[in-house]
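Next comes upload.cif, a file with mmCIF, C-alpha atoms and all ligand atoms.
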```
data_work
#
loop_
_atom_site.label_atom_id
_atom_site.label_comp_id
_atom_site.auth_asym_id
_atom_site.auth_seq_id
_atom_site.Cartn_x
_atom_site.Cartn_y
_atom_site.Cartn_z
CA MET A 380 53.94 59.94 -38.89
CA GLU A 381 55.75 61.14 -35.77
CA ARG A 382 54.17 59.89 -32.57
CA LYS A 383 52.38 62.47 -30.46
CA MET A 384 51.02 61.66 -27.01
CA TRP A 385 47.79 63.59 -26.50
CA THR A 386 46.75 64.78 -23.03
CA ASP A 387 43.20 65.22 -21.71
CA THR A 388 43.78 68.97 -21.50
CA GLU A 389 44.85 69.28 -25.13
CA ILE A 390 41.88 67.28 -26.40
CA SER A 391 39.49 69.13 -24.12
CA GLU A 392 40.75 72.47 -25.44
CA ILE A 393 40.01 71.33 -28.99
CA TYR A 394 36.60 69.89 -28.06
CA ASN A 395 35.62 73.17 -26.39
CA LEU A 396 36.69 75.55 -29.15
CA PRO A 397 33.94 77.87 -30.39
CA PHE A 398 31.89 75.69 -32.75
CA LEU A 399 32.72 77.48 -36.02
CA GLU A 400 36.40 77.66 -35.11
CA LEU A 401 36.39 73.93 -34.34
CA ILE A 402 34.81 72.82 -37.60
CA HIS A 403 37.07 75.14 -39.59
CA LYS A 404 40.19 73.66 -37.98
CA ALA A 405 38.88 70.12 -38.44
CA SER A 406 38.10 70.80 -42.08
CA LEU A 407 41.67 72.05 -42.69
CA VAL A 408 43.10 68.86 -41.15
CA HIS A 409 40.66 66.81 -43.19
CA ARG A 410 41.70 68.45 -46.48
CA GLU A 411 45.37 67.93 -45.69
CA HIS A 412 44.94 64.17 -45.31
CA HIS A 413 41.86 63.22 -47.35
CA ASP A 414 39.85 64.17 -50.41
CA PRO A 415 37.06 66.28 -48.82
CA ASN A 416 34.63 65.34 -51.59
CA LYS A 417 34.96 61.61 -51.15
CA VAL A 418 33.07 59.43 -48.68
CA GLN A 419 33.27 55.68 -48.27
CA VAL A 420 30.03 53.73 -48.25
CA SER A 421 30.11 50.58 -46.13
CA SER A 422 27.47 47.95 -45.44
CA LEU A 423 26.99 46.10 -42.21
CA ILE A 424 25.71 42.53 -42.37
CA SER A 425 24.55 41.00 -39.12
CA ILE A 426 25.71 37.43 -39.76
CA LYS A 427 24.55 36.19 -36.34
CA THR A 428 21.96 38.25 -34.52
CA GLY A 429 20.91 38.32 -30.86
CA GLY A 430 21.34 35.88 -28.00
CA CYS A 431 24.62 37.47 -26.92
CA PRO A 432 25.83 36.57 -23.40
CA GLU A 433 27.32 40.05 -22.83
CA ASP A 434 25.54 42.87 -21.01
CA CYS A 435 26.44 46.00 -23.04
CA GLY A 436 23.84 48.46 -21.73
CA TYR A 437 23.09 49.94 -25.15
CA CYS A 438 22.66 46.72 -27.09
CA PRO A 439 19.34 45.07 -28.00
CA GLN A 440 21.23 41.89 -28.94
CA ALA A 441 22.13 41.02 -25.33
CA ALA A 442 20.13 37.90 -24.41
CA ARG A 443 19.35 39.27 -20.95
CA TYR A 444 17.34 42.28 -22.21
CA HIS A 445 13.78 41.97 -23.46
CA THR A 446 13.85 43.55 -26.88
CA ASP A 447 11.91 42.57 -29.96
CA ILE A 448 14.79 41.95 -32.34
CA GLU A 449 14.69 38.97 -34.64
CA LYS A 450 17.36 36.47 -33.56
CA ASN A 451 19.30 34.50 -36.16
CA ASP A 452 21.90 31.75 -36.06
CA LEU A 453 24.98 32.19 -38.20
CA MET A 454 24.03 32.83 -41.83
CA SER A 455 25.43 30.59 -44.55
CA VAL A 456 28.43 31.63 -46.65
CA SER A 457 26.25 31.85 -49.78
CA GLN A 458 23.64 34.06 -48.05
CA VAL A 459 26.33 36.46 -46.86
CA LYS A 460 28.03 36.52 -50.27
CA ALA A 461 24.68 37.35 -51.92
CA GLN A 462 24.14 40.25 -49.50
CA ALA A 463 27.67 41.51 -50.12
CA LEU A 464 27.05 41.48 -53.87
CA ARG A 465 23.85 43.48 -53.36
CA ALA A 466 25.76 45.97 -51.22
CA LYS A 467 28.43 46.28 -53.92
CA SER A 468 25.80 46.95 -56.58
CA THR A 469 24.46 49.89 -54.55
CA GLY A 470 27.88 51.50 -54.12
CA SER A 471 29.43 49.91 -51.01
CA SER A 472 33.15 49.28 -51.16
CA ARG A 473 33.36 47.74 -47.70
CA VAL A 474 31.37 45.10 -45.89
CA CYS A 475 31.39 44.68 -42.15
CA LEU A 476 30.37 41.25 -40.85
CA GLY A 477 28.99 41.42 -37.30
CA ALA A 478 28.34 38.43 -35.05
CA ALA A 479 26.80 38.80 -31.58
CA TRP A 480 29.49 36.75 -29.84
CA ARG A 481 31.44 37.41 -26.63
CA ASN A 482 34.56 36.01 -28.25
CA VAL A 483 35.56 33.88 -31.17
CA LYS A 484 35.59 30.12 -30.58
CA ASP A 485 37.37 27.85 -33.02
CA GLY A 486 35.08 25.44 -34.82
CA LYS A 487 32.64 25.25 -37.72
CA ASP A 488 31.11 28.71 -37.20
CA PHE A 489 34.48 30.44 -37.23
CA ASP A 490 35.59 28.35 -40.22
CA ASP A 491 32.47 29.59 -42.03
CA VAL A 492 33.25 33.21 -41.15
CA ILE A 493 36.77 32.76 -42.53
CA GLU A 494 35.25 31.43 -45.76
CA MET A 495 32.93 34.48 -45.90
CA VAL A 496 36.01 36.72 -45.62
CA ARG A 497 37.70 34.85 -48.50
CA GLU A 498 34.65 34.99 -50.75
CA ILE A 499 33.89 38.67 -50.21
CA THR A 500 37.53 39.75 -50.55
CA LYS A 501 37.51 37.98 -53.92
CA LEU A 502 34.61 40.28 -54.90
CA ASP A 503 37.10 43.16 -54.55
CA MET A 504 35.52 44.56 -51.43
CA GLU A 505 37.19 45.49 -48.16
CA VAL A 506 36.01 43.10 -45.45
CA CYS A 507 35.82 44.06 -41.80
CA CYS A 508 34.74 41.63 -39.07
CA THR A 509 33.36 42.37 -35.63
CA LEU A 510 33.17 39.07 -33.78
CA GLY A 511 34.12 39.89 -30.20
CA MET A 512 37.36 39.07 -28.46
CA LEU A 513 39.99 37.34 -30.52
CA THR A 514 43.29 35.53 -29.95
CA GLU A 515 46.46 36.10 -31.92
CA THR A 516 46.13 32.81 -33.84
CA GLN A 517 42.51 33.56 -34.70
CA ALA A 518 43.57 36.99 -35.97
CA LYS A 519 46.27 35.33 -38.11
CA ARG A 520 43.71 32.96 -39.62
CA LEU A 521 41.54 35.93 -40.59
CA GLU A 522 44.56 37.72 -42.03
CA GLU A 523 45.37 34.70 -44.18
CA ALA A 524 41.81 34.74 -45.55
CA GLY A 525 42.34 38.34 -46.70
CA LEU A 526 40.60 40.24 -43.88
CA TYR A 527 41.10 43.97 -44.33
CA ALA A 528 39.95 45.28 -40.94
CA TYR A 529 38.84 44.09 -37.52
CA ASN A 530 36.38 46.18 -35.53
CA HIS A 531 36.56 46.21 -31.76
CA ASN A 532 35.13 49.36 -30.21
CA ILE A 533 36.37 50.71 -26.91
CA ASP A 534 32.94 52.37 -26.58
CA SER A 535 33.85 55.08 -24.04
CA SER A 536 36.56 56.10 -21.57
CA GLU A 537 38.10 53.36 -19.47
CA GLU A 538 36.36 54.81 -16.38
CA TYR A 539 32.89 54.89 -17.96
CA TYR A 540 33.29 51.53 -19.68
CA GLN A 541 32.53 49.67 -16.46
CA GLU A 542 29.25 51.59 -16.09
CA VAL A 543 28.14 50.29 -19.47
CA ILE A 544 29.44 46.72 -19.50
CA SER A 545 30.22 44.40 -16.60
CA THR A 546 30.89 41.16 -18.45
CA ARG A 547 34.34 42.11 -19.72
CA ALA A 548 37.06 44.60 -18.91
CA PHE A 549 38.40 47.53 -20.90
CA ASP A 550 41.78 45.75 -20.90
CA ASP A 551 40.23 42.81 -22.76
CA ARG A 552 39.36 45.21 -25.55
CA ILE A 553 42.90 46.52 -25.70
CA LYS A 554 44.28 42.96 -25.67
CA THR A 555 42.19 42.02 -28.71
CA ILE A 556 43.27 45.17 -30.55
CA ASP A 557 46.89 44.23 -29.73
CA ASN A 558 46.28 40.75 -31.17
CA VAL A 559 44.97 42.30 -34.39
CA ARG A 560 48.04 44.57 -34.52
CA LYS A 561 50.26 41.48 -34.63
CA THR A 562 48.91 40.95 -38.16
CA SER A 563 48.58 43.22 -41.20
CA ILE A 564 44.83 43.61 -40.58
CA THR A 565 43.87 47.25 -40.03
CA VAL A 566 42.17 48.30 -36.79
CA CYS A 567 38.70 49.80 -36.56
CA SER A 568 37.83 51.04 -33.08
CA GLY A 569 35.57 53.81 -31.87
CA GLY A 570 32.71 54.44 -29.53
CA ILE A 571 29.28 55.73 -28.71
CA ILE A 572 28.18 59.09 -27.35
CA GLY A 573 24.90 59.71 -25.58
CA MET A 574 25.14 56.82 -23.10
CA GLY A 575 24.99 59.14 -20.09
CA GLU A 576 28.74 59.73 -20.10
CA GLU A 577 30.29 63.08 -19.23
CA GLU A 578 32.36 65.23 -21.54
CA LYS A 579 35.53 63.94 -19.83
CA ASP A 580 34.61 60.41 -20.95
CA ARG A 581 34.34 61.45 -24.59
CA ILE A 582 37.73 63.11 -24.26
CA GLY A 583 39.14 60.09 -22.39
CA MET A 584 37.97 57.79 -25.15
CA LEU A 585 39.58 59.94 -27.85
CA LYS A 586 42.78 60.07 -25.83
CA VAL A 587 43.03 56.26 -25.76
CA LEU A 588 42.37 56.03 -29.52
CA ALA A 589 44.66 58.93 -30.46
CA ASN A 590 47.52 57.56 -28.35
CA MET A 591 47.42 54.09 -29.88
CA TYR A 592 50.49 53.52 -32.01
CA PRO A 593 49.79 53.23 -34.81
CA GLN A 594 46.47 55.02 -34.54
CA PRO A 595 43.42 52.99 -35.65
CA GLU A 596 42.92 53.24 -39.40
CA SER A 597 39.18 53.54 -38.82
CA VAL A 598 37.17 55.16 -36.01
CA PRO A 599 33.37 54.84 -35.97
CA ILE A 600 31.57 57.52 -33.98
CA ASN A 601 28.09 56.37 -33.02
CA SER A 602 25.39 58.27 -31.24
CA LEU A 603 23.20 56.09 -29.07
CA VAL A 604 19.93 54.91 -30.54
CA PRO A 605 17.97 54.14 -27.36
CA VAL A 606 16.16 50.82 -27.75
CA GLU A 607 13.18 49.82 -25.61
CA GLY A 608 14.04 46.97 -23.29
CA THR A 609 17.71 47.93 -22.85
CA PRO A 610 19.01 49.73 -19.73
CA MET A 611 19.59 52.84 -21.88
CA GLU A 612 16.08 53.01 -23.33
CA ASN A 613 15.37 56.39 -21.70
CA GLN A 614 18.60 58.17 -22.64
CA LYS A 615 18.14 61.50 -24.37
CA THR A 616 19.51 61.53 -27.91
CA VAL A 617 22.54 63.75 -28.52
CA SER A 618 22.20 67.02 -30.42
CA VAL A 619 23.62 67.54 -33.88
CA PHE A 620 26.11 70.02 -32.42
CA GLU A 621 27.46 67.47 -29.94
CA MET A 622 27.83 64.94 -32.74
CA VAL A 623 29.63 67.39 -35.03
CA ARG A 624 31.86 68.50 -32.14
CA MET A 625 32.82 64.88 -31.52
CA ILE A 626 33.49 64.19 -35.21
CA ALA A 627 35.58 67.36 -35.56
CA THR A 628 37.67 66.60 -32.48
CA THR A 629 38.21 63.04 -33.70
CA ARG A 630 39.36 64.34 -37.07
CA ILE A 631 41.90 66.69 -35.48
CA VAL A 632 43.44 64.15 -33.10
CA LEU A 633 43.30 61.25 -35.59
CA PRO A 634 44.15 63.04 -38.84
CA GLU A 635 44.71 60.04 -41.12
CA THR A 636 41.93 57.87 -39.81
CA GLN A 637 38.77 57.09 -41.69
CA VAL A 638 36.15 58.68 -39.40
CA ARG A 639 32.86 56.83 -39.70
CA LEU A 640 29.53 58.47 -39.12
CA SER A 641 27.79 55.38 -37.79
CA ALA A 642 24.71 54.60 -35.65
CA GLY A 643 22.29 57.42 -34.98
CA ARG A 644 22.39 58.89 -38.48
CA THR A 645 18.58 58.87 -38.70
CA GLN A 646 18.67 61.42 -35.87
CA LEU A 647 20.57 63.81 -38.15
CA SER A 648 19.01 65.88 -40.93
CA PRO A 649 20.78 65.99 -44.33
CA GLU A 650 22.15 69.39 -43.22
CA GLY A 651 23.41 67.86 -39.96
CA GLN A 652 25.15 65.08 -41.87
CA THR A 653 26.67 67.67 -44.21
CA LEU A 654 28.19 69.43 -41.21
CA CYS A 655 29.65 66.07 -40.12
CA PHE A 656 31.25 65.60 -43.57
CA TYR A 657 32.61 69.13 -43.44
CA ALA A 658 34.07 68.43 -39.98
CA GLY A 659 35.88 65.32 -41.18
CA ALA A 660 33.54 62.34 -41.36
CA ASN A 661 34.41 60.35 -44.46
CA SER A 662 32.38 57.19 -44.24
CA ILE A 663 28.77 56.20 -43.76
CA PHE A 664 26.99 52.88 -43.43
CA ALA A 665 24.38 52.14 -46.07
CA GLY A 666 21.24 50.06 -45.67
CA ASP A 667 17.96 50.63 -43.89
CA LYS A 668 19.27 48.89 -40.76
CA LEU A 669 22.52 49.14 -38.85
CA LEU A 670 22.65 45.71 -37.19
CA THR A 671 19.31 46.12 -35.44
CA THR A 672 18.69 49.88 -35.37
CA PRO A 673 17.22 52.06 -38.15
CA ASN A 674 19.45 53.73 -40.76
CA PRO A 675 18.67 56.06 -43.70
CA ASP A 676 17.71 54.52 -47.04
CA VAL A 677 20.64 54.25 -49.50
CA ASN A 678 18.71 56.23 -52.15
CA GLU A 679 18.42 59.15 -49.74
CA ASP A 680 22.18 58.92 -49.14
CA MET A 681 22.90 58.95 -52.86
CA ARG A 682 20.57 61.95 -53.33
CA LEU A 683 22.49 63.82 -50.64
CA PHE A 684 25.85 62.86 -52.19
CA GLY A 685 24.58 64.13 -55.58
CA GLU A 686 23.48 67.40 -54.02
CA LEU A 687 26.87 67.86 -52.35
CA GLY A 688 29.00 66.64 -55.27
CA ILE A 689 30.40 63.83 -53.13
CA THR A 690 31.80 60.75 -54.85
CA THR A 691 32.25 57.36 -53.24
CA GLN A 692 35.60 55.96 -52.23
CA LYS A 693 36.78 52.87 -54.11
CA PRO A 694 37.89 49.77 -52.21
CA PHE A 695 41.55 49.52 -51.15
CA GLU A 696 42.23 53.22 -51.81
CA LYS A 697 43.80 53.65 -48.39
CA HIS A 698 45.54 50.31 -47.84
CA PRO A 699 46.38 47.53 -50.31
CA LYS A 700 44.26 44.45 -50.81
CA ARG A 701 45.60 41.32 -49.13
CA GLU A 702 46.34 38.08 -50.86
CA VAL A 703 43.70 35.42 -50.17
CA VAL A 704 45.07 32.05 -49.08
CA GLU A 705 42.66 29.21 -49.85
CA ALA A 706 41.62 26.88 -47.01
CA SER A 707 43.48 23.97 -48.63
CA ASP A 708 46.73 26.03 -48.66
CA SER A 709 46.35 27.41 -45.14
CA LYS A 710 49.53 27.43 -43.09
CA ILE A 711 47.93 28.39 -39.80
CA GLU A 712 46.41 25.66 -37.75
CA ALA A 713 43.29 26.22 -35.65
CA LEU A 714 44.24 25.52 -32.04
CA GLY A 715 40.72 24.73 -30.86
CA GLU A 716 40.77 27.89 -28.77
CA ASN A 717 37.96 29.05 -26.52
CA PRO A 718 40.06 31.27 -24.31
CA ARG A 719 39.39 32.66 -20.86
CA TRP A 720 38.74 36.37 -20.76
CA THR A 721 38.21 38.19 -17.49
CA ARG A 722 34.84 39.06 -16.02
CA PRO A 723 35.40 42.13 -13.85
CA SER A 724 33.93 41.76 -10.37
CA LYS A 725 32.81 38.30 -11.40
CA LYS A 726 34.80 35.14 -11.42
CA THR A 727 36.84 34.27 -14.49
CA GLU A 728 34.79 32.29 -16.95
CA GLU A 729 35.74 28.64 -17.22
CA ALA A 730 37.22 27.64 -20.56
S1 LIG B 1 27.46 45.00 -28.31
FE1 LIG B 1 28.21 43.05 -29.09
S2 LIG B 1 29.11 42.07 -27.28
FE2 LIG B 1 27.76 43.69 -26.51
S3 LIG B 1 25.78 42.66 -26.14
FE3 LIG B 1 25.72 43.54 -28.21
S4 LIG B 1 26.35 41.88 -29.54
FE4 LIG B 1 26.98 41.32 -27.47
#
```

Kindly transcribe the structure held in the file into structure tokens.
Amino acid sequence: MERKMWTDTEISEIYNLPFLELIHKASLVHREHHDPNKVQVSSLISIKTGGCPEDCGYCPQAARYHTDIEKNDLMSVSQVKAQALRAKSTGSSRVCLGAAWRNVKDGKDFDDVIEMVREITKLDMEVCCTLGMLTETQAKRLEEAGLYAYNHNIDSSEEYYQEVISTRAFDDRIKTIDNVRKTSITVCSGGIIGMGEEEKDRIGMLKVLANMYPQPESVPINSLVPVEGTPMENQKTVSVFEMVRMIATTRIVLPETQVRLSAGRTQLSPEGQTLCFYAGANSIFAGDKLLTTPNPDVNEDMRLFGELGITTQKPFEKHPKREVVEASDSKIEALGENPRWTRPSKKTEEA
């Protein structure tokens, strides 16, 4: 696809179109690039929960906030494989493995995650990992294990990012995405609305994503689920119209991307979700929890799909499955990395 550099003004004009005009335009773009009656179902497995050293203002997993989530050390490979099989049996074609880490550190835990990627890829499921910041060699090790996608959200505009997180810089995010791009792993990167940002931040975030080259293959759009004990506990939830507006604008500026209707889905009625699908969302997360926040029951999702005549997307429909290299045949050596990443307005963390 020919590269287009989007400006704030262009994206803002789209975002501010009359609502019905906007969703009509988005739906036309959607139909040109995707089957409008197909939605991918993904499952998120929190393989290591809580105790995170970061300070993301929306996240109940940050160790510094007093939330009542259940913390867990890294799950075993067999536990994760069993959960992936359950997810597959209820219609998921993709599994996202999330660990509450600042960055990946070489060692037993990362070796286990690589094994999880191998095992689940062999189940014929797309595997996505979200493990924090990542070096190029670590990305290559994941690629070798068959990893399909790496998630690393930019969350908001560069300007608003520092209001939400102080323990890492926006540039660190971009650096990790660049490291993933040095492999054949696809990129999943999106953000959250409803964190107190202004409209210009939503537009700024979409500008960064839309101007990546290539554009991310997957963009999750989350609406904040305010959790008691986090700095954002009193944020007002976003309206269905704001969510649909955001999805529709994302669809227009990222036409080929898989747009994922992610956290905050319990705040949307079935009719609200239908509007999101019409406006270009083509993936949902299944399971009654999304990491630590509530999510609709998968049976409700399937009822809605039945009502709408939506079928589920098969794995590897958009990009081919990767070959899985066994640990014993691995050609990429772990370097024992625990890299330094910046801490804005704080001193650089010692390695
Ligand atoms: S969003 Fe991720 S990095 Fe930030 S505090 Fe939560 S688990 Fe840690």

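Nearest to Met611 (chain A) of all the residues A:Glu702, A:Cys435, A:Lys487, A:Leu521 is A:Cys435, based on all atoms listed in the file.
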
> Can you tell me which residues sit at most 7 Å away from ligand LIG 1 (chain B), counting all atoms listed in the file, written as a PyMOL selection string?
Replying inline: chain A and resi 429+431-435+438-441+478-481+511

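Taking CA of Val543 (chain A) and CA of Ala528 (chain A) as endpoints, the distance between them is 25.0 Å.
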
>> Quick one: residues within 7 Å of Val420 (chain A), only C-alpha atoms, excluding same-chain residues fewer than 5 positions away - as an NGL selection string?
In response: :A and (470-473 or 662-665 or 691)

>> From the options A:Ile533, A:Val703, A:Leu396, A:Leu647, which residue's atoms come nearest to Val506 (chain A), counting all atoms listed in the file?
In response: A:Val703

>> Can you tell me which residues surround Glu498 (chain A) at a distance of at most 12 Å, considering all atoms listed in the file, apart from same-chain residues fewer than 5 positions away, and format the answer as a PyMOL selection string?
In response: chain A and resi 455-464+474+491-493+503-506+524-526+703-706

> Suppose you want the space between CA of Gly477 (chain A) and CA of Gly575 (chain A); what is it in Å?
Replying inline: 25.0 Å

>> Just checking: using all atoms listed in the file, which residue out of A:His412, A:Ser602, A:Asn590, A:Leu510 ends up closest to Thr636 (chain A)?
In response: A:His412

> Hey, can you pull every residue with an atom no more than 12 Å from (22.2, 50.8, -19.8), using only C-alpha atoms, and send it as an NGL selection string?
Replying inline: :A and (434-439 or 441 or 443-444 or 539-545 or 573-576 or 603-614)

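Each of A:Lys554, A:Ser422, A:Asn678, A:Glu538 was checked against Ser641 (chain A) using all atoms listed in the file; the smallest atom-to-atom distance is that of A:Ser422.
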
Using only C-alpha atoms, which protein or nucleic acid residues come within 12 Å of Arg410 (chain A)? Drop anything in the same chain fewer than 2 positions from it, and give the result as a tab-separated table (two decimals) with C-alpha atoms, in the frame of the given file.
```
chain	number	residue	atom	x	y	z
A	403	HIS	CA	37.07	75.14	-39.59
A	404	LYS	CA	40.19	73.66	-37.98
A	405	ALA	CA	38.88	70.12	-38.44
A	406	SER	CA	38.10	70.80	-42.08
A	407	LEU	CA	41.67	72.05	-42.69
A	408	VAL	CA	43.10	68.86	-41.15
A	412	HIS	CA	44.94	64.17	-45.31
A	413	HIS	CA	41.86	63.22	-47.35
A	414	ASP	CA	39.85	64.17	-50.41
A	415	PRO	CA	37.06	66.28	-48.82
A	416	ASN	CA	34.63	65.34	-51.59
A	417	LYS	CA	34.96	61.61	-51.15
A	630	ARG	CA	39.36	64.34	-37.07
A	631	ILE	CA	41.90	66.69	-35.48
A	634	PRO	CA	44.15	63.04	-38.84
A	635	GLU	CA	44.71	60.04	-41.12
A	656	PHE	CA	31.25	65.60	-43.57
A	657	TYR	CA	32.61	69.13	-43.44
A	658	ALA	CA	34.07	68.43	-39.98
A	659	GLY	CA	35.88	65.32	-41.18
A	660	ALA	CA	33.54	62.34	-41.36
A	661	ASN	CA	34.41	60.35	-44.46
```

> Looking at A:Met681, A:Ile564, A:Leu633, A:Ile556, which one is nearest to Lys519 (chain A), with distances taken over all atoms listed in the file?
Replying inline: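 Of all the options, A:Ile564 lies closest to Lys519 (chain A).
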
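Distances from A:His698, A:Lys427, A:Gly486, A:Val632 to Tyr527 (chain A) were compared using all atoms listed in the file, and the smallest one belongs to A:His698.
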
>> Using only C-alpha atoms, which protein or nucleic acid residues come within 8 Å of Lys484 (chain A)? Drop anything in the same chain fewer than 5 positions from it, and give the result as a list of chain:residue names.
In response: A:Phe489, A:Gly715, A:Glu716, A:Asn717, A:Pro718
